[in-house]
$ cat query-v1.cif   # mmCIF, C-alpha atoms
data_target
#
loop_
_atom_site.label_atom_id
_atom_site.label_comp_id
_atom_site.auth_asym_id
_atom_site.auth_seq_id
_atom_site.Cartn_x
_atom_site.Cartn_y
_atom_site.Cartn_z
CA MET F 1 -15.67 -9.75 17.33
CA HIS F 2 -12.80 -10.57 19.70
CA LEU F 3 -11.47 -14.12 19.63
CA ARG F 4 -12.48 -14.69 23.25
CA GLN F 5 -16.05 -13.67 22.43
CA LEU F 6 -16.09 -16.04 19.45
CA PHE F 7 -14.75 -18.78 21.73
CA LEU F 8 -17.64 -18.29 24.14
CA SER F 9 -20.19 -17.97 21.34
CA HIS F 10 -19.26 -20.94 19.17
CA VAL F 11 -17.02 -23.39 21.05
CA ALA F 12 -19.07 -25.70 23.29
CA GLN F 13 -18.31 -24.99 26.93
CA THR F 14 -17.73 -27.52 29.70
CA SER F 15 -17.95 -25.13 32.65
CA PRO F 16 -19.35 -21.66 33.40
CA SER F 17 -15.83 -20.29 34.01
CA PRO F 18 -13.18 -21.56 31.59
CA LEU F 19 -9.60 -20.37 32.18
CA MET F 20 -9.77 -18.33 28.94
CA LEU F 21 -6.04 -18.30 28.26
CA ASP F 22 -5.59 -17.27 24.64
CA ILE F 23 -2.67 -19.52 23.65
CA GLU F 24 -0.64 -18.35 20.68
CA ARG F 25 2.21 -20.88 20.78
CA SER F 26 4.03 -23.40 22.98
CA GLU F 27 7.59 -24.57 23.38
CA GLY F 28 9.12 -27.04 25.84
CA LEU F 29 7.90 -26.29 29.34
CA TYR F 30 6.00 -23.13 28.39
CA LEU F 31 2.74 -21.91 26.90
CA TYR F 32 2.61 -18.35 25.51
CA ASP F 33 -0.41 -16.09 25.18
CA ARG F 34 -0.96 -13.50 22.45
CA GLU F 35 0.71 -10.81 24.53
CA GLY F 36 3.82 -12.98 24.77
CA LYS F 37 3.39 -13.84 28.43
CA ALA F 38 4.96 -17.20 29.31
CA TYR F 39 3.23 -19.79 31.50
CA LEU F 40 5.31 -22.55 33.07
CA ASP F 41 3.13 -25.63 32.55
CA LEU F 42 2.98 -27.65 35.78
CA ILE F 43 0.23 -29.97 34.51
CA ALA F 44 1.42 -30.87 30.98
CA GLY F 45 -2.07 -30.70 29.51
CA ILE F 46 -3.21 -33.09 32.29
CA SER F 47 -0.29 -35.54 32.02
CA VAL F 48 -0.17 -35.40 28.21
CA SER F 49 2.94 -33.45 27.20
CA SER F 50 5.44 -35.52 29.15
CA LEU F 51 8.31 -34.55 26.83
CA GLY F 52 7.20 -30.93 26.87
CA HIS F 53 5.33 -29.08 24.17
CA ARG F 54 6.33 -29.65 20.56
CA HIS F 55 9.27 -31.96 21.20
CA PRO F 56 11.43 -31.77 18.05
CA ALA F 57 11.41 -35.53 17.43
CA VAL F 58 7.63 -35.66 17.68
CA VAL F 59 7.14 -32.63 15.43
CA GLU F 60 9.51 -34.07 12.82
CA ALA F 61 7.67 -37.41 12.85
CA ILE F 62 4.36 -35.62 12.33
CA LYS F 63 5.71 -33.64 9.38
CA THR F 64 7.30 -36.70 7.78
CA GLN F 65 4.15 -38.80 8.06
CA ALA F 66 1.93 -35.95 6.82
CA ASP F 67 3.99 -35.96 3.63
CA ARG F 68 3.33 -39.70 3.16
CA TYR F 69 -0.37 -40.32 3.87
CA LEU F 70 -3.10 -39.43 6.34
CA HIS F 71 -6.28 -41.47 6.84
CA THR F 72 -6.64 -44.48 4.54
CA LEU F 73 -9.39 -46.84 5.76
CA VAL F 74 -11.03 -47.83 9.02
CA TYR F 75 -8.64 -49.21 11.63
CA GLY F 76 -7.47 -52.79 11.24
CA GLU F 77 -7.88 -53.27 7.48
CA PHE F 78 -4.64 -51.98 5.96
CA VAL F 79 -1.03 -52.64 6.94
CA LEU F 80 0.14 -49.17 7.96
CA ASP F 81 3.79 -48.75 8.83
CA PRO F 82 3.41 -46.27 11.74
CA GLN F 83 0.83 -48.51 13.43
CA VAL F 84 2.91 -51.65 13.03
CA GLN F 85 6.14 -50.06 14.25
CA LEU F 86 4.43 -48.49 17.26
CA ALA F 87 2.67 -51.73 18.20
CA GLU F 88 5.92 -53.68 17.89
CA LEU F 89 7.93 -51.29 20.08
CA LEU F 90 5.12 -50.98 22.61
CA CYS F 91 4.81 -54.75 22.96
CA ALA F 92 8.59 -55.11 23.20
CA SER F 93 8.45 -52.71 26.17
CA LEU F 94 5.77 -54.75 27.96
CA PRO F 95 5.53 -58.22 29.55
CA ALA F 96 5.13 -61.09 27.08
CA SER F 97 1.40 -61.54 27.77
CA LEU F 98 0.67 -57.98 26.61
CA ASN F 99 1.37 -58.58 22.95
CA SER F 100 -1.64 -57.29 20.99
CA VAL F 101 -2.54 -53.60 20.68
CA TYR F 102 -5.88 -52.09 19.73
CA PHE F 103 -5.39 -48.42 18.84
CA VAL F 104 -8.09 -45.85 19.57
CA ASN F 105 -8.28 -42.06 19.77
CA SER F 106 -8.43 -41.35 23.50
CA GLY F 107 -8.41 -42.74 27.01
CA THR F 108 -12.17 -43.02 27.34
CA GLU F 109 -12.25 -44.99 24.07
CA ALA F 110 -9.62 -47.35 25.46
CA VAL F 111 -11.84 -47.93 28.48
CA GLU F 112 -14.92 -48.52 26.33
CA GLY F 113 -13.14 -51.02 24.09
CA ALA F 114 -11.61 -52.87 27.02
CA MET F 115 -14.97 -53.16 28.77
CA LYS F 116 -16.46 -54.76 25.65
CA LEU F 117 -13.45 -57.04 25.35
CA ALA F 118 -13.83 -58.25 28.94
CA LYS F 119 -17.53 -59.00 28.49
CA ARG F 120 -16.95 -60.79 25.21
CA TYR F 121 -14.00 -62.87 26.43
CA THR F 122 -15.44 -63.91 29.80
CA GLY F 123 -19.11 -64.15 28.84
CA ARG F 124 -19.91 -62.23 32.02
CA ALA F 125 -21.69 -58.91 32.51
CA GLU F 126 -20.52 -57.34 35.78
CA ILE F 127 -17.83 -54.66 35.74
CA ILE F 128 -16.26 -53.43 38.98
CA SER F 129 -14.43 -50.13 39.44
CA ALA F 130 -13.16 -48.11 42.38
CA HIS F 131 -14.84 -45.23 44.16
CA ARG F 132 -13.42 -41.77 43.38
CA ALA F 133 -11.84 -42.88 40.13
CA TYR F 134 -12.20 -41.25 36.72
CA HIS F 135 -12.02 -43.37 33.56
CA GLY F 136 -13.65 -41.07 30.99
CA SER F 137 -16.89 -39.28 30.14
CA THR F 138 -18.55 -41.41 27.45
CA GLN F 139 -21.53 -43.37 28.73
CA GLY F 140 -19.80 -46.68 29.43
CA ALA F 141 -16.75 -45.10 31.04
CA ALA F 142 -18.89 -42.61 32.95
CA SER F 143 -20.91 -45.53 34.31
CA LEU F 144 -17.81 -46.57 36.23
CA MET F 145 -17.77 -43.31 38.19
CA SER F 146 -18.71 -43.08 41.86
CA PRO F 147 -19.74 -40.73 43.41
CA THR F 148 -22.20 -39.64 40.75
CA GLU F 149 -22.01 -35.84 41.03
CA PHE F 150 -20.65 -35.60 37.48
CA THR F 151 -22.95 -38.29 36.02
CA GLN F 152 -26.31 -38.22 37.82
CA ALA F 153 -27.81 -35.81 35.29
CA PHE F 154 -27.26 -38.43 32.56
CA HIS F 155 -28.68 -41.50 34.30
CA PRO F 156 -29.59 -44.21 33.58
CA LEU F 157 -26.17 -45.26 32.37
CA LEU F 158 -24.72 -48.74 31.93
CA PRO F 159 -26.18 -51.41 34.26
CA GLY F 160 -24.15 -54.09 36.00
CA ILE F 161 -21.55 -51.77 37.56
CA SER F 162 -20.32 -52.32 41.12
CA HIS F 163 -17.73 -50.44 43.15
CA ILE F 164 -14.96 -51.23 45.61
CA HIS F 165 -12.75 -48.96 47.71
CA PHE F 166 -9.14 -48.66 46.58
CA ASN F 167 -6.71 -50.15 49.14
CA ASN F 168 -9.58 -51.90 50.99
CA GLU F 169 -8.71 -55.61 51.05
CA GLY F 170 -12.10 -56.57 52.49
CA ASP F 171 -13.82 -55.30 49.35
CA LEU F 172 -11.92 -57.82 47.21
CA GLU F 173 -14.53 -60.41 48.21
CA LEU F 174 -17.01 -58.45 46.09
CA ILE F 175 -15.11 -59.69 43.02
CA THR F 176 -16.76 -63.01 42.15
CA GLU F 177 -17.34 -65.56 39.37
CA LYS F 178 -19.95 -63.13 38.01
CA THR F 179 -17.35 -60.42 37.45
CA ALA F 180 -16.12 -59.89 33.91
CA ALA F 181 -13.47 -57.33 34.85
CA VAL F 182 -12.13 -54.97 37.45
CA VAL F 183 -11.19 -51.59 35.98
CA ILE F 184 -8.78 -49.82 38.29
CA GLU F 185 -6.04 -47.20 38.20
CA THR F 186 -2.56 -48.35 39.15
CA VAL F 187 -2.34 -45.09 41.08
CA GLY F 188 -5.53 -43.18 41.80
CA ALA F 189 -5.19 -39.85 39.98
CA GLU F 190 -8.39 -37.82 40.34
CA SER F 191 -8.76 -38.89 43.97
CA GLY F 192 -5.72 -36.73 44.61
CA VAL F 193 -2.90 -39.26 44.07
CA THR F 194 -3.81 -42.44 45.95
CA VAL F 195 -0.89 -44.86 46.01
CA PRO F 196 -1.40 -48.64 46.53
CA GLN F 197 -0.62 -49.80 50.07
CA ASN F 198 0.20 -53.16 51.68
CA ASP F 199 0.58 -55.10 48.42
CA TYR F 200 -2.99 -54.15 47.51
CA LEU F 201 -2.49 -54.55 43.77
CA GLN F 202 -0.90 -57.97 44.21
CA LYS F 203 -3.88 -59.09 46.28
CA LEU F 204 -6.26 -57.65 43.70
CA ARG F 205 -4.40 -59.47 40.93
CA ALA F 206 -4.64 -62.74 42.87
CA ARG F 207 -8.37 -62.32 43.48
CA CYS F 208 -9.07 -61.63 39.80
CA THR F 209 -7.09 -64.71 38.81
CA GLN F 210 -8.89 -66.80 41.40
CA VAL F 211 -12.39 -65.98 40.10
CA GLY F 212 -11.50 -65.68 36.41
CA ALA F 213 -12.11 -61.93 36.12
CA LEU F 214 -9.89 -59.81 33.89
CA LEU F 215 -7.80 -57.11 35.54
CA LEU F 216 -7.94 -53.90 33.48
CA LEU F 217 -5.27 -51.44 34.63
CA ASP F 218 -5.95 -47.83 33.72
CA GLU F 219 -2.59 -46.13 33.16
CA ILE F 220 -4.04 -43.35 31.07
CA GLN F 221 -2.64 -40.73 33.44
CA VAL F 222 0.29 -42.56 35.00
CA GLY F 223 1.73 -44.42 32.00
CA PHE F 224 4.75 -43.41 29.92
CA GLY F 225 7.13 -42.48 32.69
CA ARG F 226 5.00 -40.29 34.94
CA THR F 227 5.70 -42.34 38.09
CA GLY F 228 9.38 -43.12 37.44
CA SER F 229 9.04 -46.28 35.33
CA LEU F 230 7.73 -46.57 31.80
CA PHE F 231 4.54 -48.12 33.20
CA ALA F 232 3.53 -47.73 36.83
CA PHE F 233 2.53 -51.39 37.31
CA GLU F 234 6.19 -52.37 36.89
CA GLN F 235 6.78 -51.05 40.42
CA TYR F 236 4.12 -53.28 42.00
CA GLY F 237 5.02 -56.79 40.88
CA ILE F 238 1.91 -57.48 38.80
CA VAL F 239 0.86 -57.78 35.17
CA PRO F 240 -2.67 -56.80 34.09
CA ASP F 241 -4.79 -58.76 31.63
CA VAL F 242 -5.52 -55.53 29.77
CA LEU F 243 -3.53 -52.29 29.92
CA LEU F 244 -5.27 -48.99 29.13
CA LEU F 245 -3.16 -46.17 27.68
CA ALA F 246 -3.56 -42.66 26.25
CA LYS F 247 -2.59 -39.08 27.26
CA ALA F 248 1.25 -39.04 27.22
CA MET F 249 1.30 -41.80 24.62
CA GLY F 250 1.05 -39.43 21.64
CA GLY F 251 3.47 -36.69 22.63
CA GLY F 252 0.64 -34.18 22.21
CA MET F 253 -1.30 -35.96 19.47
CA PRO F 254 -4.62 -37.76 20.12
CA ILE F 255 -4.16 -41.50 20.56
CA GLY F 256 -5.04 -44.25 23.02
CA ALA F 257 -4.82 -48.02 23.18
CA PHE F 258 -5.82 -51.10 25.08
CA VAL F 259 -3.27 -53.91 25.13
CA ALA F 260 -3.93 -57.59 25.90
CA ASP F 261 -2.82 -61.09 25.02
CA ARG F 262 -3.59 -61.99 21.42
CA LYS F 263 -5.87 -64.90 22.43
CA VAL F 264 -7.98 -62.45 24.44
CA MET F 265 -7.97 -59.71 21.80
CA GLN F 266 -9.00 -62.10 19.02
CA SER F 267 -12.41 -62.52 20.63
CA LEU F 268 -13.38 -59.16 19.12
CA SER F 269 -12.81 -60.49 15.60
CA TYR F 270 -15.46 -63.23 15.40
CA ASN F 271 -19.02 -64.01 16.52
CA PRO F 272 -19.53 -61.29 15.39
CA ILE F 273 -16.80 -60.02 13.16
CA LEU F 274 -16.09 -56.32 13.64
CA GLY F 275 -16.83 -56.69 17.34
CA HIS F 276 -15.17 -53.35 17.93
CA ILE F 277 -14.35 -50.86 15.18
CA THR F 278 -13.11 -47.30 14.88
CA THR F 279 -12.63 -45.02 11.90
CA PHE F 280 -9.77 -42.86 13.13
CA GLY F 281 -8.22 -45.07 15.82
CA GLY F 282 -4.52 -45.55 15.15
CA HIS F 283 -4.38 -42.57 12.80
CA PRO F 284 -1.05 -42.71 10.94
CA VAL F 285 0.07 -39.25 12.05
CA SER F 286 -0.80 -39.93 15.69
CA CYS F 287 0.98 -43.29 15.54
CA ALA F 288 4.07 -41.69 14.01
CA ALA F 289 4.09 -39.09 16.79
CA ALA F 290 3.58 -41.77 19.45
CA LEU F 291 6.41 -43.87 18.02
CA ALA F 292 8.81 -40.94 18.13
CA ASN F 293 7.61 -40.08 21.64
CA LEU F 294 8.21 -43.61 22.91
CA LYS F 295 11.65 -43.82 21.31
CA VAL F 296 12.71 -40.60 23.04
CA MET F 297 11.44 -41.89 26.38
CA LEU F 298 13.37 -45.13 25.98
CA GLU F 299 16.58 -43.46 24.79
CA THR F 300 16.83 -40.51 27.21
CA PRO F 301 17.29 -40.36 31.01
CA TYR F 302 14.05 -38.46 31.74
CA ILE F 303 12.14 -41.37 33.29
CA GLY F 304 15.06 -42.24 35.53
CA GLN F 305 15.15 -38.65 36.81
CA VAL F 306 11.49 -38.52 37.80
CA LYS F 307 11.79 -39.43 41.47
CA ALA F 308 14.72 -37.09 42.08
CA LYS F 309 12.78 -34.23 40.51
CA ALA F 310 9.76 -35.04 42.67
CA GLU F 311 12.02 -34.80 45.70
CA ILE F 312 13.16 -31.32 44.61
CA PHE F 313 9.50 -30.29 44.62
CA ARG F 314 9.09 -31.72 48.12
CA GLU F 315 12.20 -29.95 49.43
CA ASN F 316 11.01 -26.59 48.10
CA LEU F 317 7.33 -26.83 49.03
CA LYS F 318 7.37 -26.32 52.77
CA HIS F 319 4.76 -23.99 54.23
CA PRO F 320 2.38 -24.03 57.24
CA LYS F 321 -0.59 -24.08 54.87
CA ILE F 322 0.61 -27.27 53.13
CA ARG F 323 -0.90 -30.16 55.06
CA GLU F 324 0.56 -33.00 52.97
CA ILE F 325 2.23 -33.78 49.66
CA ARG F 326 1.22 -37.08 48.07
CA SER F 327 3.13 -38.27 45.04
CA ALA F 328 3.76 -41.07 42.60
CA GLY F 329 6.81 -39.70 40.84
CA LEU F 330 5.85 -36.48 39.04
CA LEU F 331 2.15 -36.92 39.70
CA MET F 332 1.77 -34.89 42.88
CA ALA F 333 -1.04 -33.56 45.05
CA VAL F 334 -0.30 -30.64 47.36
CA ASP F 335 -2.98 -30.64 50.06
CA LEU F 336 -4.00 -27.11 51.07
CA GLY F 337 -6.99 -28.01 53.22
CA SER F 338 -9.83 -26.30 51.35
CA PHE F 339 -11.17 -25.68 47.86
CA GLU F 340 -11.13 -21.94 48.55
CA GLN F 341 -7.39 -22.04 49.24
CA VAL F 342 -6.82 -24.24 46.18
CA MET F 343 -8.63 -21.82 43.86
CA LYS F 344 -6.84 -18.78 45.31
CA THR F 345 -3.52 -20.54 44.75
CA ILE F 346 -4.35 -21.60 41.21
CA ARG F 347 -5.46 -18.07 40.31
CA TYR F 348 -2.41 -16.44 41.89
CA CYS F 349 -0.09 -18.87 40.11
CA LEU F 350 -1.82 -18.24 36.80
CA ASP F 351 -1.46 -14.47 37.23
CA HIS F 352 2.25 -15.01 37.92
CA GLY F 353 2.96 -17.32 35.01
CA VAL F 354 2.56 -20.79 36.52
CA LEU F 355 -0.21 -23.13 35.35
CA SER F 356 -1.61 -25.59 37.91
CA ASP F 357 -4.94 -27.34 38.48
CA TRP F 358 -7.10 -29.32 40.94
CA PHE F 359 -8.55 -32.85 41.01
CA LEU F 360 -12.09 -34.03 40.22
CA PHE F 361 -12.50 -35.97 43.47
CA ASN F 362 -10.11 -34.06 45.68
CA THR F 363 -10.82 -30.35 45.77
CA GLU F 364 -8.44 -29.64 48.65
CA SER F 365 -5.24 -30.26 46.66
CA ILE F 366 -3.50 -28.67 43.71
CA ARG F 367 -2.17 -30.88 40.93
CA ILE F 368 1.48 -30.91 39.93
CA ALA F 369 2.26 -33.05 36.88
CA PRO F 370 4.81 -31.19 34.77
CA PRO F 371 6.64 -32.41 31.69
CA LEU F 372 9.26 -34.95 32.71
CA THR F 373 11.79 -32.66 31.03
CA ILE F 374 11.44 -29.99 33.72
CA GLY F 375 14.75 -28.92 35.28
CA GLU F 376 15.76 -28.00 38.80
CA ALA F 377 15.71 -24.24 38.12
CA GLU F 378 12.14 -24.38 36.80
CA ILE F 379 11.02 -26.53 39.72
CA ILE F 380 12.47 -24.06 42.23
CA GLN F 381 10.87 -21.13 40.42
CA ALA F 382 7.46 -22.84 40.33
CA CYS F 383 7.67 -23.68 44.03
CA LYS F 384 8.61 -20.06 44.80
CA VAL F 385 5.44 -18.83 43.10
CA ILE F 386 3.28 -21.43 44.90
CA LEU F 387 4.74 -20.38 48.27
CA GLN F 388 4.17 -16.72 47.43
CA SER F 389 0.55 -17.54 46.66
CA LEU F 390 0.14 -19.12 50.07
CA ASP F 391 1.68 -16.08 51.76
CA GLN F 392 -0.64 -13.76 49.84
CA ALA F 393 -3.87 -15.74 50.08
#

$ encode --input "query-v1.cif" --output "C-alpha cells"
Amino acid sequence: MHLRQLFLSHVAQTSPSPLMLDIERSEGLYLYDREGKAYLDLIAGISVSSLGHRHPAVVEAIKTQADRYLHTLVYGEFVLDPQVQLAELLCASLPASLNSVYFVNSGTEAVEGAMKLAKRYTGRAEIISAHRAYHGSTQGAASLMSPTEFTQAFHPLLPGISHIHFNNEGDLELITEKTAAVVIETVGAESGVTVPQNDYLQKLRARCTQVGALLLLDEIQVGFGRTGSLFAFEQYGIVPDVLLLAKAMGGGMPIGAFVADRKVMQSLSYNPILGHITTFGGHPVSCAAALANLKVMLETPYIGQVKAKAEIFRENLKHPKIREIRSAGLLMAVDLGSFEQVMKTIRYCLDHGVLSDWFLFNTESIRIAPPLTIGEAEIIQACKVILQSLDQA
C-alpha cells in the first residue's frame, strides 16, 4: 500500500483535505518531497522553525543530549542540566519579575497550566480572553475561543469564560475584581495579524493591576524574534504577570513554558502539592534543543534583521488584488479579499514550490511567517510566485 494511503488509513485526520505533501527531508528554508522537489517554507511550520529546518546547532545539541540521557522522572523532581541551563538563560533574557519557568510540551499546555496558576494564585474563577484569538485546542484552552465555530461541537466546555474585543478600550471595564486573569496575545495572530493600537496593551496592563487580575500574555506565535525583538511585549512598554511560550522555542522540537514570578509560581506546589504536573514537560532533549536555539538567537543578527526583511516583502508584494498587508515583523497577513482567492493562491504557490497558509479567523488573507534566516533573494523569489498566482487566478 502506498505511503499516502497508509497515512489516510491510520494517521488520525484533522480535515477532509490535508495538504498530503510527502516530506522526505528538510534543510534550512526548504522542505523536500520524495521526488526531490523543493518547497520554500514561508510559514516555518506555523512560526516554529524560526532558525530554519535542522539548524546545525540545534541538531548537534539533540545528538549530544541523546547520548547522555532521555526521560528520567516526571518534571520537577530531578535536577536536569538542560532544564536548569535553559531556565537560567530564559530568565536572564526577561524582566526580573519573570524569574520562574514551568516547562511543558506545547503551547496549549502552557495555556492550561497558566490558567490553573491564575485561579490558584488569585482565588478567583473568571478568565477573560479576546474574540478571534486562538490559544490551543485542549478543553480549557479551547474554552477561551470565540467565535465558537471550531468548538461548538464539543460544548459544554469550561465555565466562567468572558470575552473582550482586542484594541477596544471600552471593554476593559469588563475586567473586574472577579477576574482571575486576562489571557491575550501580544499581537493577534489567527485574526490575521492584529497589532495593538493607541497604547492598548499599556491600558490593559493598568486595568489588570488595578483590579488584581493577572495578565497572561500569549507569545506562543510571536515570541523568539518573530516580531523583531526577542519577545514582542518588549516593544509595548509592559511586563506580563505570566508569559506563555512554545512554537519557536524548541528550534523544531516540542516544548512550551509559562513563566512567572517565583512567588506566584510557588502556589502550584502546596495546598495541594503537585498542583500541576507533567510527565514529559521539559524533556531533556527538547530543553537541550531549546537552549541551543536561544543561544543562536541571542548571538546572531537574525532578530535585528526582521523588520528590514519584512519591508522587502512589502516592496515586492504590490498587486491590484492585494488589498492590504498587515505585519508585526515577519508575521504577515496579505489580504486578498476572499477565501476563494486565498485558496487559489495557496494552491498555485504549492504547485510552484512555495508553501503558504491562511488564518483560522481571517480567511481572506494568506500567512507569511518564514524562518528568520530567510534572505533577500528567497524573499524576492517567493513574492514573484505569489504575484504570478494572482495574475493566473

$ residues_around --input "query-v1.cif" --residues "F:His283" --least-positions-apart "3" --cutoff "12 Å" --atoms "all atoms listed in the file" --output "ChimeraX atom specification"
/F:62,65-66,69-76,78,80-84,86,102-106,250,253-257,278-280,286-290

$ closest_residue --input "query-v1.cif" --among "F:Tyr200, F:Phe361, F:Tyr348, F:Phe313" --to "F:Gly170" --atoms "all atoms listed in the file"
F:Tyr200

$ closest_residue --input "query-v1.cif" --among "F:Leu268, F:Ala248, F:Ala12, F:Leu230" --to "F:Gln305" --atoms "all atoms listed in the file"
F:Leu230

$ closest_atom_pairs --input "query-v1.cif" --of "stretch 345-392 of chain F" --to "stretch 130-147 of chain F" --cutoff "12 Å" --atoms "only C-alpha atoms" --output "JSON lines"
{"residue": "F:Phe359", "atom": "CA", "partner": "F:Tyr134", "partner_atom": "CA", "distance": 10.1}
{"residue": "F:Leu360", "atom": "CA", "partner": "F:Tyr134", "partner_atom": "CA", "distance": 8.0}
{"residue": "F:Phe361", "atom": "CA", "partner": "F:Arg132", "partner_atom": "CA", "distance": 5.9}
{"residue": "F:Asn362", "atom": "CA", "partner": "F:Arg132", "partner_atom": "CA", "distance": 8.7}
{"residue": "F:Thr363", "atom": "CA", "partner": "F:Arg132", "partner_atom": "CA", "distance": 12.0}

$ axis_aligned_box --input "query-v1.cif" --around "stretch 289-305 of chain F" --padding-each-side "3 Å" --output "JSON"
{"center_x": 10.4, "center_y": -41.8, "center_z": 26.8, "size_x": 19.7, "size_y": 12.7, "size_z": 26.0}

$ resolve_selection --input "query-v1.cif" --expression "the PyMOL selection byres ((chain F and resi 34-36) around 9)" --output "number ranges by chain"
F: 22-25, 32-33, 37-38

$ resolve_selection --input "query-v1.cif" --expression "the PyMOL selection byres ((chain F and resi 345) around 10)" --output "compact mmCIF listing (two decimals) with C-alpha atoms, in the coordinates of the input"
# COMPACT_ATOMS: atom_id res chain seq x y z
CA LEU F 336 -4.00 -27.11 51.07
CA PHE F 339 -11.17 -25.68 47.86
CA GLU F 340 -11.13 -21.94 48.55
CA GLN F 341 -7.39 -22.04 49.24
CA VAL F 342 -6.82 -24.24 46.18
CA MET F 343 -8.63 -21.82 43.86
CA LYS F 344 -6.84 -18.78 45.31
CA ILE F 346 -4.35 -21.60 41.21
CA ARG F 347 -5.46 -18.07 40.31
CA TYR F 348 -2.41 -16.44 41.89
CA CYS F 349 -0.09 -18.87 40.11
CA LEU F 350 -1.82 -18.24 36.80
CA ASP F 351 -1.46 -14.47 37.23
CA SER F 356 -1.61 -25.59 37.91
CA ASP F 357 -4.94 -27.34 38.48
CA ILE F 366 -3.50 -28.67 43.71
CA VAL F 385 5.44 -18.83 43.10
CA ILE F 386 3.28 -21.43 44.90
CA LEU F 387 4.74 -20.38 48.27
CA GLN F 388 4.17 -16.72 47.43
CA SER F 389 0.55 -17.54 46.66
CA LEU F 390 0.14 -19.12 50.07
CA ASP F 391 1.68 -16.08 51.76
CA GLN F 392 -0.64 -13.76 49.84
CA ALA F 393 -3.87 -15.74 50.08

$ residues_around --input "query-v1.cif" --residues "stretch 217-222 of chain F" --least-positions-apart "5" --cutoff "8 Å" --atoms "all atoms listed in the file" --output "ChimeraX atom specification"
/F:46-48,107,111,135,183-187,189,227,231-232,240-248,331

$ closest_residue --input "query-v1.cif" --among "F:Arg262, F:Lys119, F:Arg323, F:His276" --to "F:Ser97" --atoms "all atoms listed in the file"
F:Arg262

$ closest_residue --input "query-v1.cif" --among "F:Gly228, F:Glu112, F:Ala333, F:Gly353" --to "F:Ala308" --atoms "only C-alpha atoms"
F:Gly228

$ atom_distance --input "query-v1.cif" --atom1 "atom CA of F:Leu214" --atom2 "atom CA of F:Asn198"
21.5 Å

$ closest_residue --input "query-v1.cif" --among "F:Met20, F:Ala260, F:Cys383, F:Ala213" --to "F:Ala96" --atoms "all atoms listed in the file"
F:Ala260

$ atom_distance --input "query-v1.cif" --atom1 "atom CA of F:Gly212" --atom2 "atom CA of F:Glu88"
28.1 Å

$ closest_residue --input "query-v1.cif" --among "F:Ile312, F:Val182, F:Ile322, F:Leu294" --to "F:Glu376" --atoms "all atoms listed in the file"
F:Ile312

$ decode --input "query-v1.cif" --residues "stretch 244-276 of chain F" --atoms "C-alpha atoms" --output "PDB file, in the first residue's frame"
ATOM      1  CA  LEU F 244       3.236  31.868  27.575  1.00  0.00           C
ATOM      2  CA  LEU F 245       5.780  30.378  25.172  1.00  0.00           C
ATOM      3  CA  ALA F 246       6.133  27.470  22.731  1.00  0.00           C
ATOM      4  CA  LYS F 247       6.463  27.009  18.929  1.00  0.00           C
ATOM      5  CA  ALA F 248       9.814  28.654  18.017  1.00  0.00           C
ATOM      6  CA  MET F 249      11.159  27.952  21.497  1.00  0.00           C
ATOM      7  CA  GLY F 250      12.419  24.455  20.652  1.00  0.00           C
ATOM      8  CA  GLY F 251      14.021  25.005  17.271  1.00  0.00           C
ATOM      9  CA  GLY F 252      11.769  22.273  15.866  1.00  0.00           C
ATOM     10  CA  MET F 253      11.456  20.137  18.998  1.00  0.00           C
ATOM     11  CA  PRO F 254       8.257  20.017  21.101  1.00  0.00           C
ATOM     12  CA  ILE F 255       8.445  22.294  24.133  1.00  0.00           C
ATOM     13  CA  GLY F 256       6.464  25.074  25.781  1.00  0.00           C
ATOM     14  CA  ALA F 257       6.581  27.047  29.004  1.00  0.00           C
ATOM     15  CA  PHE F 258       4.774  29.500  31.205  1.00  0.00           C
ATOM     16  CA  VAL F 259       6.966  31.970  33.080  1.00  0.00           C
ATOM     17  CA  ALA F 260       6.024  33.979  36.175  1.00  0.00           C
ATOM     18  CA  ASP F 261       7.430  35.412  39.379  1.00  0.00           C
ATOM     19  CA  ARG F 262       8.554  32.723  41.802  1.00  0.00           C
ATOM     20  CA  LYS F 263       6.088  33.850  44.498  1.00  0.00           C
ATOM     21  CA  VAL F 264       3.244  33.329  42.011  1.00  0.00           C
ATOM     22  CA  MET F 265       4.562  30.034  40.645  1.00  0.00           C
ATOM     23  CA  GLN F 266       5.060  28.553  44.117  1.00  0.00           C
ATOM     24  CA  SER F 267       1.300  28.485  44.636  1.00  0.00           C
ATOM     25  CA  LEU F 268       1.205  25.332  42.497  1.00  0.00           C
ATOM     26  CA  SER F 269       3.452  23.499  44.957  1.00  0.00           C
ATOM     27  CA  TYR F 270       1.265  23.459  48.083  1.00  0.00           C
ATOM     28  CA  ASN F 271      -2.385  23.109  49.153  1.00  0.00           C
ATOM     29  CA  PRO F 272      -2.268  20.754  47.312  1.00  0.00           C
ATOM     30  CA  ILE F 273       1.209  19.650  46.449  1.00  0.00           C
ATOM     31  CA  LEU F 274       1.582  18.615  42.816  1.00  0.00           C
ATOM     32  CA  GLY F 275      -0.910  21.304  41.828  1.00  0.00           C
ATOM     33  CA  HIS F 276       0.233  20.937  38.244  1.00  0.00           C
TER      34      HIS F 276
END
